[in-house]
>>> print(open('upload-v9.cif').read())   # mmCIF, C-alpha atoms
data_model
loop_
_atom_site.label_atom_id
_atom_site.label_comp_id
_atom_site.auth_asym_id
_atom_site.auth_seq_id
_atom_site.Cartn_x
_atom_site.Cartn_y
_atom_site.Cartn_z
CA MET A 199 0.00 0.00 0.00
CA ALA A 200 1.17 3.52 -0.76
CA ASP A 201 2.49 5.84 1.96
CA GLN A 202 -0.37 7.77 3.57
CA THR A 203 1.07 11.09 2.39
CA GLN A 204 0.76 9.86 -1.20
CA GLN A 205 -2.51 7.97 -0.91
CA LYS A 206 -5.54 9.24 -2.73
CA ARG A 207 -8.49 9.83 -0.43
CA ALA A 208 -11.84 8.28 -1.30
CA PHE A 209 -15.19 9.09 0.28
CA VAL A 210 -17.85 6.36 0.06
CA THR A 211 -21.54 6.59 0.87
CA GLY A 212 -23.07 3.19 1.54
CA GLY A 213 -19.67 1.87 2.57
CA SER A 214 -21.10 -0.64 5.03
CA GLY A 215 -23.70 -1.92 2.57
CA TYR A 216 -23.54 -4.88 0.23
CA VAL A 217 -22.03 -3.16 -2.82
CA GLY A 218 -20.35 -0.30 -0.96
CA SER A 219 -18.40 -2.56 1.38
CA VAL A 220 -16.90 -4.42 -1.57
CA VAL A 221 -16.09 -1.14 -3.35
CA THR A 222 -14.39 -0.03 -0.13
CA GLU A 223 -12.43 -3.29 0.05
CA HIS A 224 -11.22 -3.01 -3.55
CA ALA A 225 -10.38 0.69 -3.19
CA ILE A 226 -8.22 -0.02 -0.15
CA ALA A 227 -6.52 -2.86 -2.04
CA GLU A 228 -5.66 -0.37 -4.79
CA GLY A 229 -4.08 2.02 -2.31
CA TYR A 230 -6.88 4.48 -1.54
CA ARG A 231 -7.43 5.78 1.98
CA VAL A 232 -11.18 5.36 2.38
CA TYR A 233 -13.57 7.36 4.51
CA ALA A 234 -17.08 5.91 4.61
CA LEU A 235 -20.36 7.40 5.77
CA SER A 236 -21.71 5.51 8.79
CA ARG A 237 -25.08 5.80 10.52
CA THR A 238 -24.54 3.52 13.53
CA GLU A 239 -21.95 1.99 15.82
CA THR A 240 -22.54 -1.32 14.06
CA SER A 241 -21.66 0.29 10.73
CA ASP A 242 -18.63 1.96 12.36
CA LYS A 243 -17.35 -1.47 13.34
CA ALA A 244 -17.98 -3.00 9.92
CA ILE A 245 -16.25 -0.12 8.14
CA SER A 246 -13.28 -0.18 10.52
CA GLU A 247 -12.87 -3.92 10.02
CA LEU A 248 -12.54 -3.28 6.29
CA GLY A 249 -9.65 -0.90 7.01
CA ALA A 250 -11.58 2.30 6.30
CA GLU A 251 -12.39 5.29 8.49
CA PRO A 252 -16.05 5.63 9.54
CA VAL A 253 -17.59 9.11 9.32
CA ARG A 254 -20.75 9.49 11.35
CA GLY A 255 -23.74 10.72 9.41
CA ASP A 256 -26.37 9.75 6.86
CA LEU A 257 -27.74 11.10 3.58
CA SER A 258 -29.45 13.91 5.46
CA SER A 259 -26.14 15.05 7.03
CA LEU A 260 -25.52 17.59 4.29
CA ASP A 261 -22.67 19.41 6.01
CA VAL A 262 -20.84 16.11 6.47
CA LEU A 263 -21.35 15.22 2.79
CA ARG A 264 -20.01 18.62 1.67
CA ASP A 265 -17.01 18.47 3.99
CA GLN A 266 -15.97 14.91 3.16
CA SER A 267 -16.44 15.46 -0.57
CA SER A 268 -14.31 18.61 -0.48
CA LYS A 269 -11.48 16.64 1.15
CA ALA A 270 -11.71 13.65 -1.17
CA ASP A 271 -9.86 12.88 -4.39
CA VAL A 272 -12.77 10.69 -5.49
CA VAL A 273 -16.33 10.14 -4.26
CA PHE A 274 -18.25 6.89 -4.70
CA HIS A 275 -21.93 7.66 -4.04
CA ILE A 276 -23.62 4.29 -3.58
CA ALA A 277 -26.12 4.87 -0.76
CA SER A 278 -29.75 5.71 -1.47
CA ALA A 279 -32.81 6.58 0.59
CA TYR A 280 -34.82 4.23 -1.62
CA GLY A 281 -35.59 0.85 -0.11
CA PHE A 282 -37.18 -2.36 -1.29
CA GLY A 283 -40.93 -2.34 -0.85
CA LEU A 284 -41.39 1.43 -0.63
CA THR A 285 -44.70 2.69 -1.97
CA GLU A 286 -43.99 6.43 -1.59
CA PHE A 287 -41.12 7.86 -3.61
CA GLU A 288 -41.12 11.63 -3.14
CA THR A 289 -39.43 11.55 0.27
CA PRO A 290 -36.51 9.33 -0.75
CA LYS A 291 -36.14 11.33 -3.97
CA ARG A 292 -35.90 14.55 -1.98
CA ILE A 293 -33.29 13.05 0.37
CA ASP A 294 -31.23 11.60 -2.50
CA MET A 295 -31.37 14.81 -4.52
CA ALA A 296 -30.24 16.92 -1.56
CA ALA A 297 -27.39 14.48 -0.85
CA VAL A 298 -26.12 14.65 -4.43
CA LYS A 299 -26.31 18.45 -4.34
CA ALA A 300 -24.28 18.54 -1.12
CA ILE A 301 -21.63 16.23 -2.57
CA ALA A 302 -21.49 18.44 -5.67
CA ASP A 303 -20.97 21.54 -3.53
CA GLY A 304 -17.86 19.91 -2.11
CA LEU A 305 -16.49 18.91 -5.52
CA GLU A 306 -17.50 21.84 -7.73
CA GLY A 307 -14.73 23.22 -9.93
CA THR A 308 -12.21 20.48 -9.08
CA ASN A 309 -12.72 18.08 -12.01
CA LYS A 310 -12.38 15.30 -9.47
CA PRO A 311 -14.30 12.06 -10.11
CA LEU A 312 -17.72 11.40 -8.65
CA VAL A 313 -19.30 8.01 -9.39
CA ILE A 314 -23.06 7.87 -8.83
CA THR A 315 -25.38 4.87 -8.79
CA SER A 316 -28.64 3.91 -10.47
CA GLY A 317 -29.93 0.76 -12.18
CA THR A 318 -30.34 -0.85 -15.58
CA LEU A 319 -34.09 -1.11 -14.96
CA ALA A 320 -34.12 2.59 -15.87
CA VAL A 321 -34.32 1.57 -19.53
CA THR A 322 -37.35 0.33 -21.46
CA PRO A 323 -36.87 -3.26 -22.70
CA ASP A 324 -36.29 -3.63 -26.43
CA PRO A 325 -39.55 -4.84 -28.06
CA ASN A 326 -37.59 -7.42 -30.06
CA GLY A 327 -35.87 -8.84 -27.00
CA VAL A 328 -32.35 -7.75 -27.93
CA GLU A 329 -29.94 -6.08 -25.53
CA THR A 330 -30.31 -2.41 -24.65
CA ASP A 331 -27.50 0.04 -23.98
CA GLU A 332 -26.91 3.32 -22.16
CA THR A 333 -28.56 5.30 -24.97
CA SER A 334 -31.79 3.26 -25.08
CA PRO A 335 -35.13 4.93 -24.26
CA LEU A 336 -35.81 5.39 -20.58
CA ALA A 337 -38.67 3.73 -18.71
CA ASP A 338 -41.55 5.98 -17.77
CA SER A 339 -44.19 3.67 -16.35
CA ALA A 340 -43.03 2.99 -12.81
CA SER A 341 -43.01 5.73 -10.20
CA LEU A 342 -39.90 4.27 -8.55
CA ILE A 343 -37.94 4.29 -11.78
CA SER A 344 -39.06 7.74 -12.92
CA SER A 345 -38.20 9.11 -9.50
CA ARG A 346 -34.72 7.60 -9.49
CA LEU A 347 -34.12 8.76 -13.04
CA GLU A 348 -34.56 12.36 -11.91
CA VAL A 349 -31.76 11.86 -9.40
CA GLU A 350 -29.56 10.18 -12.02
CA ALA A 351 -30.16 12.96 -14.55
CA TYR A 352 -29.31 15.62 -11.99
CA GLY A 353 -26.14 13.77 -11.00
CA ILE A 354 -24.90 13.30 -14.56
CA GLY A 355 -25.62 16.97 -15.23
CA LEU A 356 -23.02 17.92 -12.62
CA ALA A 357 -20.41 17.60 -15.36
CA SER A 358 -21.36 21.22 -16.16
CA ARG A 359 -20.00 22.22 -12.73
CA SER A 360 -16.51 20.91 -13.53
CA ILE A 361 -17.01 17.60 -11.76
CA ARG A 362 -15.92 14.45 -13.57
CA VAL A 363 -19.13 12.61 -12.84
CA THR A 364 -19.91 9.16 -14.19
CA GLY A 365 -22.81 6.86 -13.43
CA ILE A 366 -23.02 3.12 -12.85
CA ARG A 367 -26.35 1.48 -13.64
CA LEU A 368 -26.28 -1.68 -11.58
CA ALA A 369 -27.97 -4.88 -12.72
CA PRO A 370 -31.20 -5.88 -10.94
CA TYR A 371 -29.40 -9.00 -9.74
CA VAL A 372 -26.10 -8.11 -8.12
CA TYR A 373 -24.95 -11.32 -6.47
CA GLY A 374 -22.02 -13.07 -4.83
CA ARG A 375 -20.50 -13.56 -1.38
CA GLY A 376 -23.79 -15.09 -0.27
CA GLY A 377 -25.57 -11.75 -0.13
CA SER A 378 -27.88 -9.24 -1.81
CA GLY A 379 -31.26 -9.95 -3.35
CA VAL A 380 -30.60 -13.65 -3.84
CA LYS A 381 -30.19 -14.11 -0.08
CA LEU A 382 -33.21 -11.88 0.55
CA PHE A 383 -35.46 -13.88 -1.78
CA MET A 384 -34.24 -17.15 -0.31
CA GLY A 385 -35.20 -16.00 3.18
CA MET A 386 -38.57 -14.67 2.04
CA SER A 387 -39.31 -17.90 0.19
CA LEU A 388 -38.49 -20.12 3.14
CA LYS A 389 -41.01 -18.19 5.24
CA SER A 390 -43.71 -18.38 2.58
CA GLY A 391 -43.12 -22.06 1.80
CA ALA A 392 -42.36 -21.70 -1.91
CA ILE A 393 -40.07 -19.98 -4.41
CA THR A 394 -42.25 -17.59 -6.38
CA TYR A 395 -41.82 -16.20 -9.86
CA VAL A 396 -44.26 -14.52 -12.25
CA ASP A 397 -45.71 -15.67 -15.58
CA GLY A 398 -43.42 -18.69 -15.82
CA GLY A 399 -40.24 -16.76 -15.00
CA LYS A 400 -39.53 -16.45 -18.73
CA ASN A 401 -38.27 -12.87 -18.49
CA HIS A 402 -34.56 -12.35 -19.00
CA THR A 403 -32.62 -10.28 -16.53
CA THR A 404 -29.23 -8.60 -16.13
CA ILE A 405 -26.70 -9.89 -13.62
CA VAL A 406 -23.32 -8.87 -12.20
CA HIS A 407 -21.14 -10.29 -9.45
CA VAL A 408 -20.53 -7.81 -6.64
CA ASP A 409 -16.74 -8.03 -7.04
CA ASP A 410 -16.97 -7.31 -10.75
CA ALA A 411 -19.28 -4.39 -9.97
CA ALA A 412 -16.79 -2.99 -7.45
CA LYS A 413 -14.03 -3.10 -10.04
CA LEU A 414 -16.28 -1.19 -12.44
CA TYR A 415 -16.74 1.63 -9.91
CA LEU A 416 -12.97 2.01 -9.62
CA LEU A 417 -12.46 1.95 -13.38
CA ALA A 418 -15.16 4.57 -13.86
CA ALA A 419 -13.41 6.85 -11.36
CA GLN A 420 -10.04 6.29 -12.97
CA LYS A 421 -10.90 6.31 -16.67
CA GLY A 422 -14.49 7.48 -17.15
CA LYS A 423 -15.24 10.71 -19.00
CA ALA A 424 -17.52 13.32 -17.47
CA GLY A 425 -21.21 12.71 -18.11
CA GLU A 426 -20.88 9.05 -19.13
CA LEU A 427 -23.11 6.19 -17.97
CA PHE A 428 -22.01 2.56 -17.78
CA ASN A 429 -24.15 -0.55 -17.36
CA GLY A 430 -22.88 -2.84 -14.63
CA SER A 431 -23.79 -5.97 -16.58
CA SER A 432 -21.81 -9.18 -16.99
CA ALA A 433 -24.55 -11.24 -18.66
CA THR A 434 -28.13 -10.94 -19.92
CA ASP A 435 -28.95 -14.48 -21.07
CA VAL A 436 -30.30 -15.86 -17.79
CA THR A 437 -34.00 -15.87 -16.93
CA VAL A 438 -35.63 -15.12 -13.59
CA GLY A 439 -37.09 -18.63 -13.70
CA GLN A 440 -33.59 -20.13 -13.91
CA ILE A 441 -32.37 -18.03 -10.98
CA PHE A 442 -35.33 -18.86 -8.78
CA GLY A 443 -35.28 -22.47 -9.89
CA ALA A 444 -31.67 -22.73 -8.69
CA MET A 445 -32.71 -21.26 -5.34
CA ALA A 446 -35.51 -23.83 -5.09
CA GLU A 447 -33.01 -26.63 -5.74
CA ILE A 448 -30.63 -25.73 -2.92
CA LEU A 449 -33.44 -24.98 -0.48
CA GLY A 450 -35.37 -28.13 -1.38
CA MET A 451 -38.53 -26.12 -1.95
CA PRO A 452 -41.32 -26.11 -4.53
CA VAL A 453 -41.71 -23.39 -7.15
CA ARG A 454 -44.89 -21.33 -7.29
CA ASP A 455 -45.79 -19.63 -10.57
CA LEU A 456 -48.15 -16.66 -10.27
CA ALA A 457 -49.95 -14.80 -13.02
CA HIS A 458 -49.03 -11.10 -13.00
CA ASP A 459 -52.38 -9.92 -11.60
CA ASP A 460 -52.21 -12.51 -8.84
CA ALA A 461 -48.64 -11.46 -8.05
CA LYS A 462 -49.74 -7.84 -7.71
CA ALA A 463 -52.55 -8.82 -5.36
CA GLN A 464 -50.38 -11.10 -3.22
CA LEU A 465 -46.95 -9.44 -3.37
CA GLY A 466 -47.74 -5.80 -4.09
CA ASP A 467 -47.16 -3.72 -7.21
CA THR A 468 -43.43 -3.08 -6.73
CA LEU A 469 -42.35 -6.67 -6.10
CA ALA A 470 -44.60 -8.03 -8.84
CA TRP A 471 -43.12 -5.50 -11.25
CA PHE A 472 -39.54 -6.39 -10.24
CA LEU A 473 -40.07 -10.13 -10.58
CA SER A 474 -41.66 -9.77 -14.02
CA ALA A 475 -39.32 -7.11 -15.46
CA GLU A 476 -37.57 -7.93 -18.74
CA ASN A 477 -34.07 -6.45 -18.59
CA ARG A 478 -31.18 -7.14 -20.96
CA ALA A 479 -28.70 -4.29 -20.50
CA SER A 480 -25.43 -4.74 -22.36
CA GLY A 481 -22.15 -4.16 -20.53
CA ALA A 482 -20.22 -3.73 -23.79
CA LYS A 483 -19.56 -0.01 -23.29
CA ALA A 484 -17.79 -0.56 -19.96
CA ARG A 485 -15.69 -3.31 -21.51
CA ARG A 486 -14.80 -1.17 -24.52
CA ASP A 487 -14.25 2.22 -22.91
CA LEU A 488 -12.93 1.26 -19.48
CA GLY A 489 -11.30 -2.11 -20.10
CA TRP A 490 -13.67 -3.77 -17.63
CA GLU A 491 -13.41 -7.56 -17.63
CA PRO A 492 -15.97 -9.39 -15.50
CA LYS A 493 -14.31 -12.58 -14.32
CA GLU A 494 -16.34 -13.94 -11.42
CA VAL A 495 -18.48 -17.06 -11.36
CA GLY A 496 -21.95 -16.89 -12.96
CA ILE A 497 -25.07 -16.51 -10.86
CA LEU A 498 -26.48 -20.03 -11.41
CA GLU A 499 -23.18 -21.66 -10.51
CA ASP A 500 -22.78 -19.43 -7.47
CA ILE A 501 -26.25 -20.40 -6.24
CA ARG A 502 -25.94 -24.13 -6.94
CA GLN A 503 -22.28 -24.68 -6.08
CA GLY A 504 -20.88 -21.51 -4.53
CA SER A 505 -21.52 -18.91 -1.86
CA TYR A 506 -25.27 -19.52 -1.52
CA LEU A 507 -24.99 -23.13 -0.39
CA ALA A 508 -23.96 -21.95 3.07
CA VAL A 509 -26.82 -19.44 3.03
CA ALA A 510 -29.32 -22.20 2.24
CA LYS A 511 -27.91 -24.41 5.01
CA GLY A 512 -28.14 -21.59 7.53
CA LEU A 513 -31.69 -20.69 6.57
CA ARG A 514 -32.83 -24.31 6.81
CA GLN A 515 -31.27 -24.60 10.28
CA GLN A 516 -33.02 -21.42 11.41
CA SER A 517 -36.39 -22.67 10.18
CA GLY A 518 -35.79 -26.10 11.44
#
>>> encode(input="upload-v9.cif", output="structure tokens")
Amino acid sequence: MADQTQQKRAFVTGGSGYVGSVVTEHAIAEGYRVYALSRTETSDKAISELGAEPVRGDLSSLDVLRDQSSKADVVFHIASAYGFGLTEFETPKRIDMAAVKAIADGLEGTNKPLVITSGTLAVTPDPNGVETDETSPLADSASLISSRLEVEAYGIGLASRSIRVTGIRLAPYVYGRGGSGVKLFMGMSLKSGAITYVDGGKNHTTIVHVDDAAKLYLLAAQKGKAGELFNGSSATDVTVGQIFGAMAEILGMPVRDLAHDDAKAQLGDTLAWFLSAENRASGAKARRDLGWEPKEVGILEDIRQGSYLAVAKGLRQQSG
């Protein structure tokens, strides 16, 4: 690791979270001195164990965001006020927008890199089923997506304030290390008694391993041009049915197939929409422009033979 006097300083929001903790880990491995926003003593401990410095605050701590961003050589903004299952989007949008503005105040005029976060579900699926890219038409039907797109558009527009801002659109299924949505759905399914997908699970989705995603954040900060978006996508040829079928296998559970209207009634609009979303976002731009090379194990192999086997064993023991 470089001498501290020569180390670049990185500020990370969401540094104790699933993606942010791995970005923090990779940044430290590349020689950055990382300061990470932390809401609780538990997060302080997790961040410190990674080798980073916890900074107490949250996305509403605007003075903290301004101060830390002004001191940083690079900012990775990964945290969001949005949460799974929310039905009201104006409040989280307001919090996220204010947080991005505060970070921008600290970076304005420096041309230092800021990497923001959104998702590939921001884009309307191609009607012919082919892959989309960062220039494809944006979705406009879901309140969650339209709300988050406003935050993304504002963030990318910060290039006009002499900030080298880039955006990562993460895949709906970020996986690996036995965490994220795969673990969440496994736990939910064990409680409900079945693995549930919608309309046969035929819809394709975009995936990326969390370690590959973390490397993309670093490459975007190091090589990305101001105002550019990059899909965090390693593959688009897997279906939701295959993913959930693999979960069912390792949990020893049946699969339940719901029609879309039934899914909305039983699971709620947001979850039904997520489970049925067609999403094939190409990661070719990141490979071409940044030299990104996803190398980690695929999602089906990781579920059946990798990090999720221990998750399944633990969940069965808890329910047992």
>>> atom_distance(input="upload-v9.cif", atom1="CA of Ile226 in chain A", atom2="CA of Gly304 in chain A")
22.2 Å
>>> resolve_selection(input="upload-v9.cif", expression="the PyMOL selection byres ((chain A and resi 415) around 12)", output="tab-separated table (two decimals) with C-alpha atoms, in the frame of the given file")
chain	number	residue	atom	x	y	z
A	208	ALA	CA	-11.84	8.28	-1.30
A	210	VAL	CA	-17.85	6.36	0.06
A	217	VAL	CA	-22.03	-3.16	-2.82
A	218	GLY	CA	-20.35	-0.30	-0.96
A	220	VAL	CA	-16.90	-4.42	-1.57
A	221	VAL	CA	-16.09	-1.14	-3.35
A	222	THR	CA	-14.39	-0.03	-0.13
A	223	GLU	CA	-12.43	-3.29	0.05
A	224	HIS	CA	-11.22	-3.01	-3.55
A	225	ALA	CA	-10.38	0.69	-3.19
A	272	VAL	CA	-12.77	10.69	-5.49
A	273	VAL	CA	-16.33	10.14	-4.26
A	274	PHE	CA	-18.25	6.89	-4.70
A	275	HIS	CA	-21.93	7.66	-4.04
A	276	ILE	CA	-23.62	4.29	-3.58
A	311	PRO	CA	-14.30	12.06	-10.11
A	312	LEU	CA	-17.72	11.40	-8.65
A	313	VAL	CA	-19.30	8.01	-9.39
A	314	ILE	CA	-23.06	7.87	-8.83
A	315	THR	CA	-25.38	4.87	-8.79
A	363	VAL	CA	-19.13	12.61	-12.84
A	364	THR	CA	-19.91	9.16	-14.19
A	365	GLY	CA	-22.81	6.86	-13.43
A	366	ILE	CA	-23.02	3.12	-12.85
A	367	ARG	CA	-26.35	1.48	-13.64
A	368	LEU	CA	-26.28	-1.68	-11.58
A	408	VAL	CA	-20.53	-7.81	-6.64
A	409	ASP	CA	-16.74	-8.03	-7.04
A	410	ASP	CA	-16.97	-7.31	-10.75
A	411	ALA	CA	-19.28	-4.39	-9.97
A	412	ALA	CA	-16.79	-2.99	-7.45
A	413	LYS	CA	-14.03	-3.10	-10.04
A	414	LEU	CA	-16.28	-1.19	-12.44
A	416	LEU	CA	-12.97	2.01	-9.62
A	417	LEU	CA	-12.46	1.95	-13.38
A	418	ALA	CA	-15.16	4.57	-13.86
A	419	ALA	CA	-13.41	6.85	-11.36
A	420	GLN	CA	-10.04	6.29	-12.97
A	421	LYS	CA	-10.90	6.31	-16.67
A	422	GLY	CA	-14.49	7.48	-17.15
A	427	LEU	CA	-23.11	6.19	-17.97
A	428	PHE	CA	-22.01	2.56	-17.78
A	429	ASN	CA	-24.15	-0.55	-17.36
A	430	GLY	CA	-22.88	-2.84	-14.63
A	484	ALA	CA	-17.79	-0.56	-19.96
A	488	LEU	CA	-12.93	1.26	-19.48
A	490	TRP	CA	-13.67	-3.77	-17.63
>>> atom_distance(input="upload-v9.cif", atom1="CA of Lys206 in chain A", atom2="CA of Tyr230 in chain A")
5.1 Å
>>> resolve_selection(input="upload-v9.cif", expression="the PyMOL selection byres ((chain A and resi 370) around 12)", output="ChimeraX atom specification")
/A:282,316-321,367-369,371-373,378-380,402-408,429-434,437-438,471-479
>>> residues_around(input="upload-v9.cif", residues="Leu388 in chain A", least_positions_apart="2", cutoff="8 Å", atoms="only C-alpha atoms", output="list in words")
Met384, Gly385, Met386, Ser390, Gly391, Ala392, Ile393, Leu449, Met451, Leu513, Arg514 and Ser517 of chain A
>>> atom_distance(input="upload-v9.cif", atom1="CA of Ala244 in chain A", atom2="CA of Ser268 in chain A")
24.3 Å
>>> closest_residue(input="upload-v9.cif", among="A:Leu235, A:Ala424, A:Ala510, A:Ala351", to="Glu251 in chain A", atoms="all atoms listed in the file")
A:Leu235
>>> residues_around(input="upload-v9.cif", residues="range 497-508 of chain A", least_positions_apart="3", cutoff="7 Å", atoms="only C-alpha atoms", output="PyMOL selection string")
chain A and resi 373-376+441+444-445+448+511-512
>>> write_last_selection(input="upload-v9.cif", atoms="C-alpha atoms", output="compact mmCIF listing (two decimals), keeping the file's coordinate frame")
# COMPACT_ATOMS: atom_id res chain seq x y z
CA TYR A 373 -24.95 -11.32 -6.47
CA GLY A 374 -22.02 -13.07 -4.83
CA ARG A 375 -20.50 -13.56 -1.38
CA GLY A 376 -23.79 -15.09 -0.27
CA ILE A 441 -32.37 -18.03 -10.98
CA ALA A 444 -31.67 -22.73 -8.69
CA MET A 445 -32.71 -21.26 -5.34
CA ILE A 448 -30.63 -25.73 -2.92
CA LYS A 511 -27.91 -24.41 5.01
CA GLY A 512 -28.14 -21.59 7.53
>>> resolve_selection(input="upload-v9.cif", expression="the PyMOL selection byres ((chain A and resi 298) around 9)", output="list in words")
Leu257, Leu263, His275, Ile293, Asp294, Met295, Ala296, Ala297, Lys299, Ala300, Ile301, Ala302, Asp303, Ile314, Val349, Tyr352 and Gly353 of chain A
>>> closest_residue(input="upload-v9.cif", among="A:Pro325, A:Gly307, A:Gly249, A:Gly439", to="Asp455 in chain A", atoms="all atoms listed in the file")
A:Gly439
>>> closest_residue(input="upload-v9.cif", among="A:Asn326, A:Gln440, A:Ser360, A:Gln204", to="Gly398 in chain A", atoms="all atoms listed in the file")
A:Gln440
>>> closest_residue(input="upload-v9.cif", among="A:Ser246, A:Gln464, A:Thr211, A:Thr308", to="Ala277 in chain A", atoms="only C-alpha atoms")
A:Thr211
>>> closest_residue(input="upload-v9.cif", among="A:Ala279, A:Ile245, A:Gly215, A:Glu239", to="Ser258 in chain A", atoms="all atoms listed in the file")
A:Ala279
>>> closest_residue(input="upload-v9.cif", among="A:Lys493, A:Lys423, A:Arg231, A:Lys462", to="Tyr395 in chain A", atoms="all atoms listed in the file")
A:Lys462
>>> axis_aligned_box(input="upload-v9.cif", around="range 398-406 of chain A", padding_each_side="8 Å", output="AutoDock Vina command-line options")
--center_x -33.4 --center_y -13.6 --center_z -15.6 --size_x 36.1 --size_y 26.1 --size_z 22.8
